[in-house]
Structures are given as structure tokens and as C-alpha cells.
Amino acid sequence: MRSTASAVKRLALERGLPVAQPERLGGPELEQMRAARPDVLVVAAYGVLLPAPFLDLAPRGALNIHASLLPRWRGAAPIQRAILAGDPETGISIMHMDAGLDTGPVVSRHALRIADDDDAGSLHDKLAALAGDAIVAALEGDLKATPQPAEGATYARKLGREDAALDWSRPARELDRVVRAMRPAPGASTQLDGERIKIWRAHPVQAEGRAGNVLRAADAILVACGEGALAITELQRAGGRSLSAAEFLRGRALQPGARLE
């Protein structure tokens with residue numbers, strides 16, 4: 001819960017390089033950048049579109065490191081959307097930025113398989129390591145790029161609260177993807193007797209029952225889904241800490257037939 005400098009900033013300061021952290025980009029920042037006479041600009045995990053004057057500032061262009069295989073999953077939450085959709089793979093795209101949202105021509109793509117147990121955190125870390133190698137390789141080349149095809153373009157909109165809510169009428173395999181996509185934040189959620197519960201770890205199993213009903217509560221809390229069931233192994237009450245299913249049940253008994261909404 002403390003403000004901490006990023007690894008980029010720490011390394012820059014160690015090497016005596018200037019660091020600027022403007023809340024927005026305008027005229028003063030443009031002049032500061034122009035004075036630095038950059039050969040190329042590189043953007044990573046930056047949630048603001050660069051104004052047009054910045055895009056033309058460097059002779060080799062402005063590059064963005066994007067966490068998807070463009071044109072699939074342009075936008076703010078490509079890692080989570082790939083997991084939610086059940087994509088077998090994702091990757092890193094190095095692209096030249098233009099006025100659109102992740103619509104510029106692509107210098108290179110680097111694919112990565114999504115493992116069955118990957119969550120947004122583990123996939124982020126794998127892609128970050130891949131991205132480091134990818135941007136170095138790109139900068140050592142000529143930065144020639146290919147326009148993105150219109151076919152296959154999708155938009156990874158920012159996550160909302162509705163994305164994190166578990167709809168028990170859906171198949172268990174889909175709810176498993178919701179849990180993994182929402183970890184480590186903001187966490188998948190459900191309602192138990194009007195109380196919001198976050199579900200941190202679960203996996204699909206073969207079982208049947210009325211969707212949303214607790215089928216069994218022991219080492220895991222087994223909840224029926226529209227197809228199959230979800231075995232919940234780690235969860236958290238509002239204001240509490242994350243608990244294993246067994247720990248949770250010691251403080252909050254659940255009987256078969258109890259309902260999650």
C-alpha cells in the first residue's frame with residue numbers, strides 16, 4: 001500500500017538518467033522530449049493515447065509494446081480478455097503508434113501459449129519477459145512494419161464490475177476462466193445471503209445440480225453451474241483476508257442447498 005518507483009525509474013536513476021512523470025502530456029512535455037532529440041519512442045503499459053505531435057517527434061517513430069497478437073484484443077485489457085475468451089494463445093506485438101487505439105502497423109508478433117492454470121498475473125509476467133526480448137530485437141532491426149488486417153480485429157474493453165460477477169447459469173469451464181482472469185485483481189465475486197464474496201481459486205469438475213446451489217462443502221466448496229460445477233478452494237469475505245475453503249467453513253458453515261447468487 002505504498003507508492004513505489006517502477007523498475008524503469010529505479011534503473012534510470014541509478015544510471016543518472018533524467019526521469020519525468022507528467023500526469024498529462026502537453027506543450028511543456030513536448031518541448032522537453034524534443035530537447036532530448038530521441039531516435040525512437042517506446043511505450044509500454046501506458047494508459048493514455050499519445051497526442052499527435054509526440055507521434056512524429058522521433059525519426060524512427062513511436063513504438064508500443066502491446067500484450068496481444070494484434071489485431072486481436074486492441075485496447076485496455078488484452079490479457080484478461082484473452083483468458084476470458086478461452087484463447088489458446090496470446091503474445092506480444094511491437095507496433096508503430098498512430099492516431100487510433102492500437103491500430104498502427106505491426107513490426108513483429110511473438111506468440112505465447114496460455115496454460116490451463118494461467119491467471120492474469122502469471123500471464124502478465126510471462127508476456128513482460130517476452131516483451132523485453134521482443135522490443136530489443138525490434139530496435140536492433142529496421143522497424144519495418146506491416147499494416148494490420150481488418151479481419152480478426154477485436155476490442156479488449158476495460159474490465160468492469162459486471163465482468164467479475166460469477167453467473168452460475170454459465171458453464172463451469174467459463175467461470176473458471178473468469179476466476180483466473182480476475183486474479184490478482186479485482187477478483188471474481190458472488191453473493192452469499194447478501195454478502196459479497198470474492199472467489200480467488202477454483203476449478204471445474206463434473207457434477208450436476210441447480211445452478212448456484214452448494215453441492216458439497218468440505219476441503220472445497222462445490223457449486224453447481226449451468227454445466228458442470230465449480231470447486232472453490234480459496235475465497236474471501238468482505239473486509240476479511242483470503243482463506244482456504246476449509247478455513248472459510250470453520251467461520252461460516254455452509255450446508256448443501258445453500259445458494260450463491
# chains A, B, ... in the order shown; residues from 1 in each chain; ligands from 1
>>> closest_atom_pairs(of="segment 30-58 of chain A", to="segment 8-22 of chain A", cutoff="12 Å", atoms="only C-alpha atoms", output="JSON lines")
{"residue": "A:Leu30", "atom": "CA", "partner": "A:Pro22", "partner_atom": "CA", "distance": 10.9}
{"residue": "A:Gln32", "atom": "CA", "partner": "A:Ala20", "partner_atom": "CA", "distance": 9.2}
{"residue": "A:Met33", "atom": "CA", "partner": "A:Ala20", "partner_atom": "CA", "distance": 9.8}
{"residue": "A:Ala36", "atom": "CA", "partner": "A:Pro18", "partner_atom": "CA", "distance": 10.0}
{"residue": "A:Val43", "atom": "CA", "partner": "A:Val8", "partner_atom": "CA", "distance": 11.9}
{"residue": "A:Ala44", "atom": "CA", "partner": "A:Val8", "partner_atom": "CA", "distance": 10.7}
{"residue": "A:Tyr46", "atom": "CA", "partner": "A:Gln21", "partner_atom": "CA", "distance": 11.8}
{"residue": "A:Val48", "atom": "CA", "partner": "A:Pro22", "partner_atom": "CA", "distance": 11.7}
>>> select_by_dssp(residues="segment 25-88 of chain A", states="strand (DSSP E)", output="list of chain:residue names")
A:Leu41, A:Val42, A:Val43, A:Ala44, A:Ala62, A:Leu63, A:Asn64, A:Ile65, A:His66, A:Arg74, A:Gly75
>>> closest_residue(among="A:Ser68, A:Gln236, A:Thr190, A:Gln255", to="Val106 of chain A", atoms="only C-alpha atoms")
A:Ser68
>>> select_by_dssp(residues="segment 92-236 of chain A", states="helix (DSSP H, G or I)", output="PyMOL selection string")
chain A and resi 120-139+161-164+172-181
>>> write_last_selection(atoms="N, CA and C atoms", output="mmCIF file, in the first residue's frame")
data_model
loop_
_atom_site.group_PDB
_atom_site.id
_atom_site.type_symbol
_atom_site.label_atom_id
_atom_site.label_comp_id
_atom_site.auth_asym_id
_atom_site.auth_seq_id
_atom_site.Cartn_x
_atom_site.Cartn_y
_atom_site.Cartn_z
ATOM 1 N N ALA A 120 -4.329 -13.839 -14.818
ATOM 2 C CA ALA A 120 -3.879 -12.578 -15.395
ATOM 3 C C ALA A 120 -2.498 -12.187 -14.895
ATOM 4 N N GLY A 121 -2.190 -12.539 -13.635
ATOM 5 C CA GLY A 121 -0.879 -12.213 -13.080
ATOM 6 C C GLY A 121 0.240 -13.019 -13.686
ATOM 7 N N SER A 122 0.066 -14.339 -13.764
ATOM 8 C CA SER A 122 1.131 -15.186 -14.315
ATOM 9 C C SER A 122 1.332 -14.916 -15.804
ATOM 10 N N LEU A 123 0.224 -14.685 -16.517
ATOM 11 C CA LEU A 123 0.343 -14.414 -17.946
ATOM 12 C C LEU A 123 0.998 -13.061 -18.189
ATOM 13 N N HIS A 124 0.668 -12.080 -17.365
ATOM 14 C CA HIS A 124 1.334 -10.774 -17.454
ATOM 15 C C HIS A 124 2.845 -10.923 -17.328
ATOM 16 N N ASP A 125 3.293 -11.696 -16.342
ATOM 17 C CA ASP A 125 4.728 -11.835 -16.100
ATOM 18 C C ASP A 125 5.429 -12.556 -17.251
ATOM 19 N N LYS A 126 4.779 -13.576 -17.795
ATOM 20 C CA LYS A 126 5.351 -14.273 -18.949
ATOM 21 C C LYS A 126 5.464 -13.334 -20.150
ATOM 22 N N LEU A 127 4.421 -12.544 -20.369
ATOM 23 C CA LEU A 127 4.419 -11.624 -21.510
ATOM 24 C C LEU A 127 5.425 -10.490 -21.304
ATOM 25 N N ALA A 128 5.602 -10.057 -20.057
ATOM 26 C CA ALA A 128 6.575 -8.994 -19.791
ATOM 27 C C ALA A 128 7.989 -9.451 -20.145
ATOM 28 N N ALA A 129 8.320 -10.696 -19.783
ATOM 29 C CA ALA A 129 9.644 -11.225 -20.127
ATOM 30 C C ALA A 129 9.793 -11.348 -21.634
ATOM 31 N N LEU A 130 8.747 -11.826 -22.297
ATOM 32 C CA LEU A 130 8.768 -11.946 -23.756
ATOM 33 C C LEU A 130 8.898 -10.572 -24.405
ATOM 34 N N ALA A 131 8.219 -9.582 -23.834
ATOM 35 C CA ALA A 131 8.231 -8.227 -24.390
ATOM 36 C C ALA A 131 9.617 -7.600 -24.333
ATOM 37 N N GLY A 132 10.347 -7.865 -23.243
ATOM 38 C CA GLY A 132 11.698 -7.311 -23.138
ATOM 39 C C GLY A 132 12.581 -7.757 -24.291
ATOM 40 N N ASP A 133 12.562 -9.058 -24.571
ATOM 41 C CA ASP A 133 13.344 -9.576 -25.693
ATOM 42 C C ASP A 133 12.828 -9.031 -27.022
ATOM 43 N N ALA A 134 11.494 -8.924 -27.142
ATOM 44 C CA ALA A 134 10.894 -8.508 -28.411
ATOM 45 C C ALA A 134 11.241 -7.063 -28.768
ATOM 46 N N ILE A 135 11.216 -6.155 -27.784
ATOM 47 C CA ILE A 135 11.498 -4.753 -28.107
ATOM 48 C C ILE A 135 12.973 -4.553 -28.405
ATOM 49 N N VAL A 136 13.858 -5.284 -27.711
ATOM 50 C CA VAL A 136 15.294 -5.176 -28.010
ATOM 51 C C VAL A 136 15.562 -5.650 -29.439
ATOM 52 N N ALA A 137 14.970 -6.787 -29.814
ATOM 53 C CA ALA A 137 15.159 -7.303 -31.175
ATOM 54 C C ALA A 137 14.612 -6.327 -32.211
ATOM 55 N N ALA A 138 13.465 -5.721 -31.915
ATOM 56 C CA ALA A 138 12.877 -4.775 -32.858
ATOM 57 C C ALA A 138 13.768 -3.549 -33.056
ATOM 58 N N LEU A 139 14.291 -3.009 -31.955
ATOM 59 C CA LEU A 139 15.120 -1.807 -32.040
ATOM 60 C C LEU A 139 16.450 -2.075 -32.748
ATOM 61 N N ARG A 161 -17.204 -4.069 -13.199
ATOM 62 C CA ARG A 161 -17.653 -4.927 -12.108
ATOM 63 C C ARG A 161 -18.478 -6.099 -12.634
ATOM 64 N N GLU A 162 -19.204 -5.848 -13.733
ATOM 65 C CA GLU A 162 -20.028 -6.914 -14.284
ATOM 66 C C GLU A 162 -19.190 -8.064 -14.828
ATOM 67 N N ASP A 163 -17.969 -7.782 -15.246
ATOM 68 C CA ASP A 163 -17.089 -8.837 -15.754
ATOM 69 C C ASP A 163 -16.645 -9.776 -14.644
ATOM 70 N N ALA A 164 -16.555 -9.265 -13.425
ATOM 71 C CA ALA A 164 -16.065 -10.059 -12.302
ATOM 72 C C ALA A 164 -17.156 -10.881 -11.627
ATOM 73 N N ALA A 172 -19.232 -24.305 -16.063
ATOM 74 C CA ALA A 172 -18.148 -24.205 -15.083
ATOM 75 C C ALA A 172 -16.829 -23.827 -15.740
ATOM 76 N N ARG A 173 -16.575 -24.327 -16.941
ATOM 77 C CA ARG A 173 -15.300 -24.022 -17.598
ATOM 78 C C ARG A 173 -15.180 -22.523 -17.880
ATOM 79 N N GLU A 174 -16.315 -21.845 -18.156
ATOM 80 C CA GLU A 174 -16.279 -20.402 -18.388
ATOM 81 C C GLU A 174 -16.050 -19.643 -17.079
ATOM 82 N N LEU A 175 -16.674 -20.109 -16.007
ATOM 83 C CA LEU A 175 -16.483 -19.443 -14.717
ATOM 84 C C LEU A 175 -15.060 -19.625 -14.202
ATOM 85 N N ASP A 176 -14.456 -20.758 -14.511
ATOM 86 C CA ASP A 176 -13.042 -20.959 -14.185
ATOM 87 C C ASP A 176 -12.193 -19.886 -14.855
ATOM 88 N N ARG A 177 -12.528 -19.550 -16.096
ATOM 89 C CA ARG A 177 -11.768 -18.511 -16.810
ATOM 90 C C ARG A 177 -12.000 -17.139 -16.187
ATOM 91 N N VAL A 178 -13.222 -16.881 -15.704
ATOM 92 C CA VAL A 178 -13.491 -15.604 -15.028
ATOM 93 C C VAL A 178 -12.622 -15.477 -13.776
ATOM 94 N N VAL A 179 -12.575 -16.543 -12.977
ATOM 95 C CA VAL A 179 -11.767 -16.513 -11.750
ATOM 96 C C VAL A 179 -10.310 -16.230 -12.082
ATOM 97 N N ARG A 180 -9.775 -16.905 -13.110
ATOM 98 C CA ARG A 180 -8.362 -16.720 -13.445
ATOM 99 C C ARG A 180 -8.095 -15.351 -14.058
ATOM 100 N N ALA A 181 -9.041 -14.852 -14.863
ATOM 101 C CA ALA A 181 -8.844 -13.539 -15.489
ATOM 102 C C ALA A 181 -8.886 -12.414 -14.472
#
>>> closest_residue(among="A:Gly226, A:Gly26, A:Pro147, A:Gly212", to="Gln191 of chain A", atoms="only C-alpha atoms")
A:Gly212
>>> residues_around(residues="Ile94 of chain A", least_positions_apart="4", cutoff="7 Å", atoms="only C-alpha atoms", output="PyMOL selection string")
chain A and resi 63-66+106-109+135
>>> atom_distance(atom1="atom CA of Gln206 of chain A", atom2="atom CA of Leu166 of chain A")
18.1 Å
>>> closest_residue(among="A:Pro59, A:Gly240, A:Pro184, A:Pro78", to="Ser93 of chain A", atoms="only C-alpha atoms")
A:Pro78
>>> atom_distance(atom1="atom CA of Asp39 of chain A", atom2="atom CA of Gly91 of chain A")
26.1 Å
>>> residues_around(residues="Ile197 of chain A", least_positions_apart="5", cutoff="12 Å", atoms="only C-alpha atoms", output="list in words")
Ala164, Ala165, Leu166, Gly187, Ala188, Ser189, Thr190, Gln191, Leu192, Ile232, Glu234, Leu235, Gln236, Arg237, Ala238, Gly239, Gly240, Arg241, Ser242, Leu243, Phe248, Arg252, Leu260 and Glu261 of chain A
>>> atom_distance(atom1="atom CA of Ala52 of chain A", atom2="atom CA of Lys144 of chain A")
20.4 Å
